[in-house]
file my_file32.txt (compact mmCIF, C-alpha atoms)
# COMPACT_ATOMS: atom_id res chain seq x y z
CA MET A 6 0.00 0.00 0.00
CA ALA A 7 1.42 3.34 -1.02
CA GLU A 8 2.36 5.75 1.72
CA GLN A 9 -0.19 8.51 2.17
CA LYS A 10 1.19 11.86 0.99
CA ARG A 11 1.12 14.96 3.16
CA ASP A 12 -0.85 18.03 2.19
CA TYR A 13 1.30 20.33 0.04
CA TYR A 14 0.40 23.40 2.10
CA GLU A 15 1.39 21.54 5.25
CA VAL A 16 4.70 20.52 3.66
CA LEU A 17 5.63 24.15 2.92
CA GLY A 18 4.13 25.45 6.16
CA VAL A 19 1.82 27.98 4.46
CA ASP A 20 -1.94 28.46 4.21
CA LYS A 21 -4.06 28.29 1.06
CA SER A 22 -4.08 32.08 0.68
CA ALA A 23 -0.27 32.25 0.37
CA ASP A 24 0.91 34.31 -2.60
CA GLU A 25 3.80 33.51 -4.93
CA ALA A 26 6.40 35.37 -2.84
CA THR A 27 5.33 33.54 0.34
CA LEU A 28 5.49 30.16 -1.39
CA LYS A 29 8.94 30.89 -2.77
CA LYS A 30 10.24 32.10 0.60
CA ALA A 31 8.92 28.98 2.36
CA TYR A 32 10.43 26.68 -0.25
CA ARG A 33 13.80 28.43 -0.18
CA ALA A 34 14.06 27.82 3.56
CA LEU A 35 13.24 24.13 3.21
CA ALA A 36 15.50 23.68 0.17
CA LYS A 37 18.43 25.19 2.00
CA LYS A 38 17.78 22.99 5.04
CA TYR A 39 17.28 19.66 3.26
CA HIS A 40 19.28 20.06 0.05
CA PRO A 41 21.35 16.88 -0.64
CA ASP A 42 24.51 18.96 -1.08
CA MET A 43 24.04 20.19 2.49
CA ASN A 44 23.18 16.71 3.80
CA PRO A 45 25.38 14.18 1.96
CA GLY A 46 24.25 10.60 2.52
CA ASN A 47 21.17 11.65 4.51
CA LYS A 48 18.29 9.80 2.86
CA ASP A 49 15.68 11.37 5.14
CA ALA A 50 16.81 14.86 4.12
CA GLU A 51 16.70 13.83 0.46
CA VAL A 52 13.12 12.61 0.82
CA LYS A 53 12.05 15.83 2.58
CA PHE A 54 13.78 17.92 -0.08
CA LYS A 55 11.95 16.12 -2.88
CA GLU A 56 8.68 16.38 -0.97
CA ALA A 57 9.10 20.15 -0.59
CA SER A 58 10.14 20.51 -4.26
CA GLU A 59 7.09 18.60 -5.41
CA ALA A 60 4.83 20.76 -3.26
CA TYR A 61 6.36 23.98 -4.57
CA ALA A 62 6.24 22.82 -8.20
CA VAL A 63 2.51 22.26 -7.92
CA LEU A 64 1.52 25.27 -5.81
CA SER A 65 3.67 27.74 -7.77
CA ASP A 66 1.90 26.77 -11.02
CA PRO A 67 -1.54 28.48 -11.13
CA GLU A 68 -3.19 25.71 -13.16
CA LYS A 69 -1.75 22.86 -11.10
CA LYS A 70 -2.63 24.72 -7.90
CA ARG A 71 -6.24 25.06 -9.11
CA GLN A 72 -6.41 21.33 -9.82
CA TYR A 73 -4.85 20.46 -6.47
CA ASP A 74 -7.20 22.73 -4.54
CA GLN A 75 -10.16 21.04 -6.25
CA PHE A 76 -9.11 17.35 -6.33
CA GLY A 77 -6.12 17.10 -3.98
CA HIS A 78 -3.40 14.57 -4.82
CA ALA A 79 -5.85 12.65 -7.00
CA ALA A 80 -5.46 15.36 -9.63
CA PHE A 81 -1.97 14.08 -10.46
CA GLU A 82 -2.42 10.33 -10.12
CA ASN A 83 -2.13 7.97 -13.09
CA GLY A 84 0.54 10.12 -14.71
CA GLY A 85 -1.31 13.36 -14.24
CA GLY A 86 1.79 15.02 -12.88
CA GLY A 87 4.35 13.34 -15.15
CA GLY A 88 5.83 9.91 -14.79
CA GLY A 89 9.09 8.69 -13.32
CA GLY A 90 9.39 11.25 -10.55
CA PHE A 91 8.93 11.40 -6.81
CA GLY A 92 5.26 10.94 -5.99
CA GLY A 93 4.31 11.44 -9.63
CA PHE A 94 6.55 14.49 -10.17
CA ASP A 95 9.32 14.32 -12.78
CA PHE A 96 12.53 15.92 -11.44
CA ASN A 97 14.25 15.50 -14.81
CA SER A 98 11.70 17.51 -16.75
CA ALA A 99 12.61 20.78 -18.44
CA ASP A 100 9.93 22.48 -16.34
CA PHE A 101 11.86 21.64 -13.20
CA GLY A 102 14.91 23.61 -14.40
CA ASP A 103 12.75 26.59 -15.35
CA ILE A 104 10.93 26.61 -12.00
CA PHE A 105 13.88 26.04 -9.68
CA GLY A 106 16.94 27.33 -11.55
CA ASP A 107 16.90 30.83 -10.06
CA ILE A 108 16.25 29.53 -6.54
CA PHE A 109 19.17 27.09 -6.67
CA GLY A 110 21.34 29.81 -8.14
CA ASP A 111 20.56 32.14 -5.25
CA LEU A 112 21.17 29.39 -2.70
CA PHE A 113 24.22 27.67 -4.15
CA GLY A 114 26.13 30.26 -6.12
CA SER A 115 27.46 29.29 -9.54
CA ARG A 116 24.81 26.63 -10.20
CA GLY A 117 22.39 29.40 -11.14
CA GLN A 118 24.61 32.45 -10.88
CA ARG A 119 23.42 35.52 -12.69
CA GLY A 120 25.99 37.25 -14.77
CA ARG A 121 26.90 40.91 -14.65
CA SER A 122 25.09 42.93 -17.27
CA ASN A 123 27.02 45.21 -19.61
CA GLY A 124 24.53 48.00 -18.94
CA PRO A 125 25.42 51.18 -16.98
CA MET A 126 26.82 50.38 -13.54
CA LYS A 127 27.57 52.75 -10.67
CA GLY A 128 31.22 52.99 -9.67
CA ALA A 129 32.60 51.60 -6.43
CA ASN A 130 32.62 53.64 -3.23
CA ILE A 131 35.89 54.82 -1.70
CA ARG A 132 36.23 54.54 2.07
CA THR A 133 38.57 56.63 4.19
CA SER A 134 38.65 58.17 7.67
CA VAL A 135 39.42 61.46 9.38
CA ARG A 136 40.24 62.17 13.04
CA ILE A 137 38.72 65.15 14.88
CA THR A 138 38.66 66.44 18.46
CA PHE A 139 35.76 66.11 20.89
CA GLU A 140 34.93 69.80 20.53
CA GLU A 141 35.02 69.58 16.73
CA ALA A 142 32.50 66.74 16.88
CA VAL A 143 30.23 68.89 19.06
CA PHE A 144 30.32 72.09 17.03
CA GLY A 145 31.29 70.84 13.57
CA THR A 146 34.38 71.56 11.51
CA GLU A 147 35.90 71.29 8.03
CA LYS A 148 38.71 68.88 7.21
CA GLU A 149 40.73 68.24 4.08
CA ILE A 150 41.34 64.70 2.85
CA GLU A 151 43.61 63.45 0.07
CA LEU A 152 42.75 60.34 -1.95
CA ASN A 153 43.90 58.31 -4.93
CA VAL A 154 41.00 58.55 -7.39
CA LYS A 155 40.55 57.06 -10.86
CA GLU A 156 39.79 59.46 -13.70
CA ASN A 157 39.08 58.82 -17.36
CA CYS A 158 42.28 58.56 -19.36
CA LYS A 159 42.58 61.66 -21.56
CA THR A 160 44.70 59.86 -24.15
CA CYS A 161 42.03 57.30 -25.05
CA SER A 162 38.99 59.20 -23.70
CA GLY A 163 38.30 56.32 -21.34
CA THR A 164 37.93 53.63 -24.01
CA GLY A 165 41.17 51.84 -23.09
CA ALA A 166 42.04 51.52 -26.77
CA LYS A 167 45.09 52.96 -28.46
CA PRO A 168 44.37 56.26 -30.27
CA GLY A 169 43.18 55.46 -33.79
CA SER A 170 41.61 52.15 -32.73
CA SER A 171 38.48 51.20 -30.81
CA PRO A 172 37.24 48.31 -28.66
CA GLU A 173 35.70 45.36 -30.50
CA THR A 174 32.56 43.44 -29.64
CA CYS A 175 33.36 40.36 -27.57
CA SER A 176 32.97 37.28 -29.75
CA LYS A 177 32.29 34.95 -26.82
CA CYS A 178 29.19 36.74 -25.49
CA GLY A 179 28.25 38.74 -28.59
CA GLY A 180 28.52 41.99 -26.66
CA LYS A 181 25.97 40.97 -23.99
CA GLY A 182 28.52 40.64 -21.20
CA GLN A 183 26.98 37.31 -20.17
CA VAL A 184 27.27 33.71 -21.24
CA VAL A 185 24.48 31.15 -20.84
CA PHE A 186 24.92 27.39 -20.55
CA THR A 187 22.95 24.43 -19.26
CA GLN A 188 24.10 21.77 -16.85
CA GLN A 189 22.75 18.36 -15.93
CA SER A 190 22.49 17.88 -12.18
CA PHE A 191 20.67 15.86 -9.54
CA PHE A 192 17.64 18.09 -10.20
CA GLY A 193 17.69 17.80 -13.97
CA THR A 194 18.70 20.48 -16.47
CA VAL A 195 19.60 23.79 -14.87
CA ARG A 196 20.11 26.96 -16.86
CA ASN A 197 23.11 29.05 -15.79
CA VAL A 198 23.98 32.69 -16.52
CA GLN A 199 27.48 33.95 -15.74
CA THR A 200 29.64 36.98 -16.43
CA CYS A 201 31.60 36.55 -19.63
CA PRO A 202 35.15 35.50 -18.68
CA ASP A 203 36.70 37.15 -21.76
CA CYS A 204 35.33 40.70 -21.45
CA GLN A 205 34.49 40.64 -17.72
CA GLY A 206 30.94 41.72 -18.45
CA SER A 207 31.76 44.81 -20.53
CA GLY A 208 30.81 43.23 -23.86
CA LYS A 209 33.95 44.76 -25.42
CA ILE A 210 37.48 43.51 -26.04
CA VAL A 211 40.42 45.91 -26.30
CA LYS A 212 43.12 44.44 -28.54
CA ASP A 213 45.31 47.52 -29.08
CA LYS A 214 45.63 48.92 -25.55
CA CYS A 215 46.31 52.55 -24.68
CA SER A 216 49.91 53.00 -23.53
CA ASP A 217 48.94 55.44 -20.77
CA CYS A 218 46.17 53.48 -19.02
CA HIS A 219 47.20 50.01 -20.30
CA GLY A 220 43.69 49.30 -21.54
CA SER A 221 41.81 50.09 -18.33
CA GLY A 222 40.48 53.44 -19.54
CA PHE A 223 41.44 55.08 -16.24
CA ILE A 224 44.46 56.73 -14.67
CA THR A 225 44.98 57.25 -10.93
CA MET A 226 45.32 60.79 -9.62
CA ARG A 227 45.93 62.25 -6.16
CA LYS A 228 43.09 64.64 -5.31
CA LYS A 229 42.13 66.76 -2.31
CA TYR A 230 38.59 67.21 -1.04
CA ALA A 231 37.11 69.46 1.65
CA VAL A 232 34.84 67.57 4.05
CA GLU A 233 32.18 69.45 6.02
CA ILE A 234 31.80 67.66 9.37
CA PRO A 235 28.35 68.48 10.79
CA ALA A 236 27.84 69.53 14.42
CA GLY A 237 26.78 66.60 16.60
CA ILE A 238 28.46 63.82 14.61
CA ASP A 239 29.53 60.86 16.75
CA ASN A 240 32.49 58.52 16.67
CA GLY A 241 32.16 55.92 13.91
CA GLN A 242 29.58 57.80 11.86
CA SER A 243 30.36 58.64 8.24
CA LYS A 244 30.07 61.63 5.98
CA ARG A 245 29.12 60.85 2.37
CA LEU A 246 30.64 62.79 -0.54
CA ALA A 247 28.26 61.87 -3.35
CA GLY A 248 29.65 61.29 -6.83
CA LEU A 249 33.33 61.56 -5.92
CA GLY A 250 34.14 57.84 -5.81
CA GLU A 251 35.31 55.44 -8.51
CA PRO A 252 34.08 56.01 -12.09
CA GLY A 253 31.05 54.03 -13.26
CA GLN A 254 31.11 51.49 -16.06
CA ASN A 255 29.38 51.73 -19.43
CA GLY A 256 28.18 55.24 -18.71
CA GLY A 257 27.13 54.60 -15.12
CA PRO A 258 27.49 57.29 -12.40
CA ARG A 259 30.50 57.58 -10.13
CA GLY A 260 30.45 56.02 -6.69
CA ASP A 261 30.68 57.96 -3.45
CA VAL A 262 33.40 58.74 -0.92
CA LEU A 263 32.50 57.57 2.58
CA VAL A 264 34.51 59.37 5.26
CA GLU A 265 34.38 57.69 8.68
CA VAL A 266 34.79 60.14 11.55
CA ILE A 267 37.04 59.12 14.44
CA VAL A 268 36.58 61.31 17.53
CA SER A 269 39.53 61.57 19.92
CA ARG A 270 38.94 60.95 23.63
CA HIS A 271 38.50 63.96 25.89
CA PRO A 272 40.30 64.10 29.26
CA ILE A 273 37.20 65.35 31.10
CA PHE A 274 34.07 64.78 29.04
CA GLN A 275 32.35 61.57 28.00
CA ARG A 276 29.51 61.37 25.52
CA GLN A 277 26.40 59.20 25.35
CA ASP A 278 24.01 59.94 22.49
CA TYR A 279 23.61 63.75 22.68
CA ASN A 280 24.42 64.06 26.40
CA ILE A 281 27.78 64.83 28.02
CA PHE A 282 28.97 63.48 31.37
CA SER A 283 31.76 64.69 33.65
CA THR A 284 32.89 64.64 37.30
CA VAL A 285 33.72 67.74 39.38
CA GLY A 286 35.46 67.74 42.76
CA ILE A 287 34.21 70.04 45.52
CA SER A 288 35.66 70.78 48.95
CA TYR A 289 34.11 69.53 52.18
CA ALA A 290 33.39 73.10 53.20
CA VAL A 291 31.42 73.81 50.02
CA ALA A 292 29.54 70.53 50.36
CA ALA A 293 28.66 71.26 53.99
CA LEU A 294 27.99 74.99 53.84
CA GLY A 295 27.08 75.44 50.18
CA GLY A 296 28.81 77.72 47.74
CA GLU A 297 29.59 78.45 44.13
CA VAL A 298 31.79 76.17 41.98
CA LEU A 299 32.97 76.54 38.39
CA ILE A 300 32.14 73.64 36.05
CA ASP A 301 33.91 73.06 32.72
CA THR A 302 31.55 72.60 29.76
CA VAL A 303 32.06 72.58 25.99
CA ASP A 304 30.80 76.19 26.06
CA GLY A 305 33.33 77.26 28.70
CA LYS A 306 33.13 77.51 32.49
CA VAL A 307 29.71 77.71 34.12
CA ALA A 308 29.06 78.88 37.71
CA TYR A 309 26.86 76.56 39.76
CA GLU A 310 25.52 77.12 43.28
CA VAL A 311 26.01 73.99 45.40
CA LYS A 312 23.38 73.50 48.11
CA ALA A 313 24.42 73.17 51.77
CA GLY A 314 24.62 69.54 52.91
CA THR A 315 25.36 68.16 49.45
CA GLN A 316 26.55 64.54 49.58
CA THR A 317 29.30 63.05 47.45
CA GLU A 318 28.17 61.43 44.14
CA THR A 319 25.34 63.95 43.85
CA LYS A 320 24.37 64.38 40.18
CA ILE A 321 23.28 67.67 38.67
CA ARG A 322 21.94 68.53 35.22
CA LEU A 323 22.97 71.47 33.05
CA ARG A 324 20.22 71.78 30.45
CA GLY A 325 21.20 72.48 26.87
CA LYS A 326 24.94 72.15 27.49
CA GLY A 327 25.26 68.84 25.64
CA VAL A 328 25.77 67.93 21.98
CA PRO A 329 23.65 69.41 19.16
CA THR A 330 21.45 66.98 17.25
CA LEU A 331 22.40 66.25 13.66
CA ARG A 332 19.00 67.32 12.37
CA ASN A 333 18.91 70.64 14.22
CA LYS A 334 22.04 72.09 15.76
CA GLU A 335 19.90 74.48 17.80
CA VAL A 336 18.52 71.51 19.75
CA ARG A 337 21.10 70.18 22.21
CA GLY A 338 21.36 67.46 24.80
CA ASP A 339 22.26 68.06 28.45
CA HIS A 340 25.44 67.95 30.52
CA TYR A 341 25.28 65.70 33.59
CA VAL A 342 27.82 66.43 36.35
CA THR A 343 28.69 64.20 39.30
CA LEU A 344 29.86 66.15 42.38
CA VAL A 345 32.54 64.33 44.38
CA ILE A 346 33.77 65.60 47.76
CA GLN A 347 37.56 65.85 47.82
CA THR A 348 39.47 65.02 51.01
CA PRO A 349 42.11 67.66 51.81
CA GLU A 350 45.76 66.58 52.02
CA ASN A 351 48.83 68.05 53.79
CA LEU A 352 46.84 70.00 56.40
CA SER A 353 48.73 72.48 58.59
CA SER A 354 48.79 72.02 62.37
CA GLU A 355 46.34 74.87 62.81
CA ALA A 356 43.97 73.38 60.21
CA LYS A 357 44.14 69.98 61.93
CA GLU A 358 43.34 71.50 65.29
CA LEU A 359 40.38 73.40 63.88
CA LEU A 360 39.13 70.25 62.20
CA ARG A 361 39.32 68.34 65.50
CA LYS A 362 37.36 71.13 67.20
CA PHE A 363 34.80 71.00 64.40
CA ASP A 364 34.49 67.25 64.86
CA GLU A 365 33.87 67.60 68.56
CA LEU A 366 31.04 70.03 67.86
CA THR A 367 29.43 67.77 65.22
CA GLY A 368 29.40 64.41 66.98
CA ASP A 369 33.00 63.67 68.03
CA SER A 370 33.43 60.99 65.35
CA LEU A 371 37.20 60.85 65.97
CA ASN A 372 36.66 59.38 69.46
CA SER A 373 33.72 57.09 68.67
CA ALA A 374 36.01 54.09 68.19
CA LYS A 375 37.67 54.68 71.58
CA ARG A 376 34.31 54.70 73.29
CA VAL A 377 33.40 51.37 71.75
CA SER A 378 36.73 49.83 72.80
CA THR A 379 36.04 50.60 76.48
CA ASP A 380 32.68 48.81 76.46
CA THR A 381 32.71 45.53 78.40
CA SER A 382 30.92 42.24 78.33
CA GLU A 383 30.76 39.27 80.71
CA ASP A 384 32.54 36.00 79.96
CA LYS A 385 31.23 32.64 80.97
CA LYS A 386 32.58 33.09 84.57
CA GLY A 387 30.71 36.35 84.97
CA LYS A 388 33.84 38.48 84.86
CA LYS A 389 34.06 41.77 83.02
CA LYS A 390 36.43 42.06 80.06
CA LYS A 391 37.18 44.63 77.40
CA LEU A 392 36.03 44.03 73.84
CA PHE A 393 39.27 45.49 72.44
CA LYS A 394 42.81 45.55 73.84
call {"tool": "encode", "arguments": {"input": "my_file32.txt", "output": "structure tokens"}}
result
Amino acid sequence: MAEQKRDYYEVLGVDKSADEATLKKAYRALAKKYHPDMNPGNKDAEVKFKEASEAYAVLSDPEKKRQYDQFGHAAFENGGGGGGGFGGFDFNSADFGDIFGDIFGDLFGSRGQRGRSNGPMKGANIRTSVRITFEEAVFGTEKEIELNVKENCKTCSGTGAKPGSSPETCSKCGGKGQVVFTQQSFFGTVRNVQTCPDCQGSGKIVKDKCSDCHGSGFITMRKKYAVEIPAGIDNGQSKRLAGLGEPGQNGGPRGDVLVEVIVSRHPIFQRQDYNIFSTVGISYAVAALGGEVLIDTVDGKVAYEVKAGTQTETKIRLRGKGVPTLRNKEVRGDHYVTLVIQTPENLSSEAKELLRKFDELTGDSLNSAKRVSTDTSEDKKGKKKKLFK
């Protein structure tokens, strides 16, 4: 008795309303998971791969899908789906290559690789970097960069051919820049499209090469560019110089120059998003009695009135003293300051004496340990003893 086949929608994990894109996405995932090349010698994976392929072949064909929705698997029994294949599906048919060729090419590279067209193509981008200071990142600046850039060769006007000659149409691809061939595989006949190896996709062959550019059509020049660094840019972000990159091919536009900004560390300030953080030391007297302190910001020193009784690690907020936003430099983040009480060093004898007097008036903390050491407790024999010697 033949094994009962699973519902095609269940196999692909989709519902009956699934469109073509959903079906293809579901099949791609299963094909990648169970493909025999990914699971050599695994018969179970091979069976699941063929099951998924059969389901996709039916459901991706509007007419076959209509028949399946109406009659189920019975629609393809007795040769209805083609003989010799898995569950009535022929994996060696020409239809199989047409249906699955592009999917296998996307999944497994050269098996269905699409060649590069000889149409207009944008040039490659050039990447470089520039270092700026913390303040320059906050307020913006202008930097000059110097790059090696390709330009059209003036001798051959960018054709790559020796003056008096011209490029010829590639005989291998007929000027298309692509070559097409078919290949027999486990899945049947698969159609392949690849970049022409003779002309590298240009569709032209240069036999008499220009002596200046050696047939490339380009010469390398050292050029300088001014880069406007916007206020608020952060470390690692890039500035794009549109149309100043490598030349395009076959009349395509130039690429871009991408300038990565590297911001140097600041000795005082740290940045998070558009906010700035720093730490400021204050004396014990200012913390206890209150008073004015000067705080360094990117805009210069700012006077701040510390409240009496301020504790160490107290955080304050200076509104609008942070980094400008990239979209609107008038809108700025805030500057958060942590106040840390500094312990005085190298006190004079007079200062020490005054500090001891102050301590006596505010709780006598200097002698609190001595008082504890004179406390007594009874031992097991009922005798008094000191806790500390």
call {"tool": "atom_distance", "arguments": {"input": "my_file32.txt", "atom1": "CA of Lys229 in chain A", "atom2": "CA of Asn153 in chain A"}}
result
9.0 Å
call {"tool": "residues_around", "arguments": {"input": "my_file32.txt", "residues": "Glu265 in chain A", "least_positions_apart": "4", "cutoff": "10 Å", "atoms": "only C-alpha atoms", "output": "PyMOL selection string"}}
result
chain A and resi 132-136+239-245
call {"tool": "write_last_selection", "arguments": {"input": "my_file32.txt", "atoms": "C-alpha atoms", "output": "PDB file, in the frame of the given file"}}
result
ATOM      1  CA  ARG A 132      36.230  54.540   2.070  1.00  0.00           C
ATOM      2  CA  THR A 133      38.570  56.630   4.190  1.00  0.00           C
ATOM      3  CA  SER A 134      38.650  58.170   7.670  1.00  0.00           C
ATOM      4  CA  VAL A 135      39.420  61.460   9.380  1.00  0.00           C
ATOM      5  CA  ARG A 136      40.240  62.170  13.040  1.00  0.00           C
ATOM      6  CA  ASP A 239      29.530  60.860  16.750  1.00  0.00           C
ATOM      7  CA  ASN A 240      32.490  58.520  16.670  1.00  0.00           C
ATOM      8  CA  GLY A 241      32.160  55.920  13.910  1.00  0.00           C
ATOM      9  CA  GLN A 242      29.580  57.800  11.860  1.00  0.00           C
ATOM     10  CA  SER A 243      30.360  58.640   8.240  1.00  0.00           C
ATOM     11  CA  LYS A 244      30.070  61.630   5.980  1.00  0.00           C
ATOM     12  CA  ARG A 245      29.120  60.850   2.370  1.00  0.00           C
TER      13      ARG A 245
END
call {"tool": "residues_around", "arguments": {"input": "my_file32.txt", "residues": "Cys175 in chain A", "least_positions_apart": "6", "cutoff": "10 Å", "atoms": "only C-alpha atoms", "output": "ChimeraX atom specification"}}
result
/A:181-182,201,203-211
call {"tool": "closest_atom_pairs", "arguments": {"input": "my_file32.txt", "of": "range 257-354 of chain A", "to": "range 359-363 of chain A", "cutoff": "10 Å", "atoms": "all atoms listed in the file", "output": "tab-separated table"}}
result
residue	atom	partner	partner_atom	distance
A:Leu352	CA	A:Leu360	CA	9.7
A:Ser353	CA	A:Leu359	CA	9.9
A:Ser354	CA	A:Leu359	CA	8.7
call {"tool": "residues_around", "arguments": {"input": "my_file32.txt", "residues": "range 24-38 of chain A", "least_positions_apart": "2", "cutoff": "8 Å", "atoms": "only C-alpha atoms", "output": "ChimeraX atom specification"}}
result
/A:17-19,22,40,43,54,57-58,61,64-65,108,112
call {"tool": "atom_distance", "arguments": {"input": "my_file32.txt", "atom1": "CA of Lys55 in chain A", "atom2": "CA of Tyr39 in chain A"}}
result
8.9 Å
call {"tool": "residues_near_point", "arguments": {"input": "my_file32.txt", "point": "(27.1, 74.6, 25.2)", "cutoff": "7 Å", "atoms": "only C-alpha atoms", "output": "JSON, numbers by chain"}}
result
{"A": [302, 303, 304, 325, 326, 327]}
call {"tool": "write_last_selection", "arguments": {"input": "my_file32.txt", "atoms": "C-alpha atoms", "output": "PDB file, keeping the file's coordinate frame"}}
result
ATOM      1  CA  THR A 302      31.550  72.600  29.760  1.00  0.00           C
ATOM      2  CA  VAL A 303      32.060  72.580  25.990  1.00  0.00           C
ATOM      3  CA  ASP A 304      30.800  76.190  26.060  1.00  0.00           C
ATOM      4  CA  GLY A 325      21.200  72.480  26.870  1.00  0.00           C
ATOM      5  CA  LYS A 326      24.940  72.150  27.490  1.00  0.00           C
ATOM      6  CA  GLY A 327      25.260  68.840  25.640  1.00  0.00           C
TER       7      GLY A 327
END
call {"tool": "residues_around", "arguments": {"input": "my_file32.txt", "residues": "range 271-282 of chain A", "least_positions_apart": "5", "cutoff": "7 Å", "atoms": "only C-alpha atoms", "output": "ChimeraX atom specification"}}
result
/A:139,327-330,337-342
call {"tool": "residues_around", "arguments": {"input": "my_file32.txt", "residues": "Ser162 in chain A", "least_positions_apart": "2", "cutoff": "12 Å", "atoms": "all atoms listed in the file", "output": "list of chain:residue names"}}
result
A:Glu156, A:Asn157, A:Cys158, A:Lys159, A:Thr160, A:Thr164, A:Gly165, A:Ala166, A:Lys167, A:Pro168, A:Gly169, A:Ser170, A:Ser171, A:Cys215, A:Asp217, A:Cys218, A:Gly220, A:Ser221, A:Gly222, A:Phe223, A:Ile224
call {"tool": "atom_distance", "arguments": {"input": "my_file32.txt", "atom1": "CA of Val52 in chain A", "atom2": "CA of His78 in chain A"}}
result
17.6 Å
call {"tool": "closest_residue", "arguments": {"input": "my_file32.txt", "among": "A:Glu318, A:Glu149, A:Asp364, A:Asp261", "to": "Ile131 in chain A", "atoms": "all atoms listed in the file"}}
result
A:Asp261
call {"tool": "closest_residue", "arguments": {"input": "my_file32.txt", "among": "A:Ala313, A:Val143, A:Ala247, A:Ile150", "to": "Val262 in chain A", "atoms": "all atoms listed in the file"}}
result
A:Ala247
call {"tool": "closest_residue", "arguments": {"input": "my_file32.txt", "among": "A:Lys148, A:Pro252, A:Gly180, A:Val198", "to": "Tyr230 in chain A", "atoms": "all atoms listed in the file"}}
result
A:Lys148
call {"tool": "axis_aligned_box", "arguments": {"input": "my_file32.txt", "around": "range 246-260 of chain A", "padding_each_side": "3 Å", "output": "JSON"}}
result
{"center_x": 31.2, "center_y": 57.1, "center_z": -10.0, "size_x": 14.2, "size_y": 17.3, "size_z": 24.9}
call {"tool": "closest_residue", "arguments": {"input": "my_file32.txt", "among": "A:Leu299, A:Met126, A:Ile267, A:Val16", "to": "Val285 in chain A", "atoms": "all atoms listed in the file"}}
result
A:Leu299
